[in-house]
Amino acid sequence: MPSWFMNQLEDYLNRHFQLIPSDFTPVLLTGEYTPFNFLVNDVNEEWNYSGMIDFGDAMIGFQEYDLLGPILFLAGGDGELIKALIESYGYDYSRDYHALRHRLMVLALLHRYSNFDFQIKIDSWKTNVKSFKEMEDLVFPFV
C-alpha cells in the first residue's frame, strides 16, 4: 500500500470506527458478486433478475457490508450509479451521506477479504489519491 495509506490508517479507523453500530439487526450477506450467484427467471421470454444467493461465502452481519461488493467491484467510482444503488437499497440520499461514506470506508478496510488492488476498479487509484478523504471522494462519490 502507498505510504500515506499506512501512515493514516490507524488515525482514520480511530476517528470513524464508532460509526459502525454495535447494536444492529443482523441480515443475510452475500460473500461476492459473480454470475453464478445471480438468480434470473423468464418473464414473457425476457430474462429478469430475481435474486441473489451465495451459500459458500454467505454470512450474517451489518447490512451496509453488502454495499461494498457492487460499489468496489462494479461501480468504478460512478457517483450516479452508486447513488442509485444506495437509494434502491432504501436510503434517503439526503441523510448524512458523510457518515455513510466513512462507514463504507471502514467496512472496506476491515472487510475479511480486503484487497484494494483487486477490489477497487478505478485505474491508478494508488497514484491519484493521497489521503482517506481523497479515497472516499474517488471511491464513494455519491455526494
# chains A, B, ... in the order shown; residues from 1 in each chain; ligands from 1

call {"tool": "closest_atom_pairs", "arguments": {"of": "range 103-126 of chain A", "to": "range 134-142 of chain A", "cutoff": "8 Å", "atoms": "only C-alpha atoms", "output": "tab-separated table"}}
result
residue	atom	partner	partner_atom	distance
A:Met105	CA	A:Glu136	CA	6.9
A:Ile120	CA	A:Val139	CA	7.6
A:Ile122	CA	A:Val139	CA	7.9
A:Trp125	CA	A:Met135	CA	7.9

call {"tool": "select_by_dssp", "arguments": {"residues": "chain A", "states": "strand (DSSP E or B)", "output": "PyMOL selection string"}}
result
chain A and resi 27-29+38-43+46-52+59-61

call {"tool": "closest_residue", "arguments": {"among": "A:Glu64, A:Asp117, A:Asp78, A:Asp92", "to": "Leu19 in chain A", "atoms": "only C-alpha atoms"}}
result
A:Glu64

call {"tool": "closest_residue", "arguments": {"among": "A:Ala75, A:Leu67, A:Ile20, A:Leu13", "to": "Gly90 in chain A", "atoms": "only C-alpha atoms"}}
result
A:Leu67

call {"tool": "residues_around", "arguments": {"residues": "Phe62 in chain A", "least_positions_apart": "4", "cutoff": "10 Å", "atoms": "only C-alpha atoms", "output": "PyMOL selection string"}}
result
chain A and resi 20-29+66+107

call {"tool": "write_last_selection", "arguments": {"atoms": "C-alpha atoms", "output": "PDB file, in the first residue's frame"}}
result
ATOM      1  CA  ILE A  20     -20.253   1.144  12.826  1.00  0.00           C
ATOM      2  CA  PRO A  21     -23.163   0.307  15.130  1.00  0.00           C
ATOM      3  CA  SER A  22     -22.586  -2.350  17.756  1.00  0.00           C
ATOM      4  CA  ASP A  23     -26.328  -2.935  18.115  1.00  0.00           C
ATOM      5  CA  PHE A  24     -27.990  -3.758  14.782  1.00  0.00           C
ATOM      6  CA  THR A  25     -30.386  -6.294  13.334  1.00  0.00           C
ATOM      7  CA  PRO A  26     -28.213  -8.871  11.547  1.00  0.00           C
ATOM      8  CA  VAL A  27     -29.074  -9.667   7.929  1.00  0.00           C
ATOM      9  CA  LEU A  28     -28.000 -12.338   5.465  1.00  0.00           C
ATOM     10  CA  LEU A  29     -24.988 -11.068   3.497  1.00  0.00           C
ATOM     11  CA  ASP A  66     -23.204  -5.842   1.319  1.00  0.00           C
ATOM     12  CA  LEU A 107     -16.127  -1.610   6.386  1.00  0.00           C
TER      13      LEU A 107
END

call {"tool": "atom_distance", "arguments": {"atom1": "CA of Leu74 in chain A", "atom2": "CA of Lys121 in chain A"}}
result
7.1 Å

call {"tool": "select_by_dssp", "arguments": {"residues": "chain A", "states": "alpha helix (DSSP H)", "output": "JSON, numbers by chain"}}
result
{"A": [3, 4, 5, 6, 7, 8, 9, 10, 11, 12, 13, 14, 15, 16, 68, 79, 80, 81, 82, 83, 84, 85, 86, 87, 88, 97, 98, 99, 100, 101, 102, 103, 104, 105, 106, 107, 108, 109, 110, 116, 117, 118, 119, 125, 126, 127, 128, 132, 133, 134, 135, 136, 137, 138, 139]}

call {"tool": "closest_residue", "arguments": {"among": "A:Phe132, A:Phe55, A:Phe36, A:Phe73", "to": "Val106 in chain A", "atoms": "only C-alpha atoms"}}
result
A:Phe132

call {"tool": "closest_residue", "arguments": {"among": "A:Leu39, A:His111, A:Asn7, A:Lys83", "to": "Gly51 in chain A", "atoms": "only C-alpha atoms"}}
result
A:Leu39

call {"tool": "closest_residue", "arguments": {"among": "A:Asn41, A:Ser88, A:Ser114, A:Thr30", "to": "Gln63 in chain A", "atoms": "only C-alpha atoms"}}
result
A:Thr30
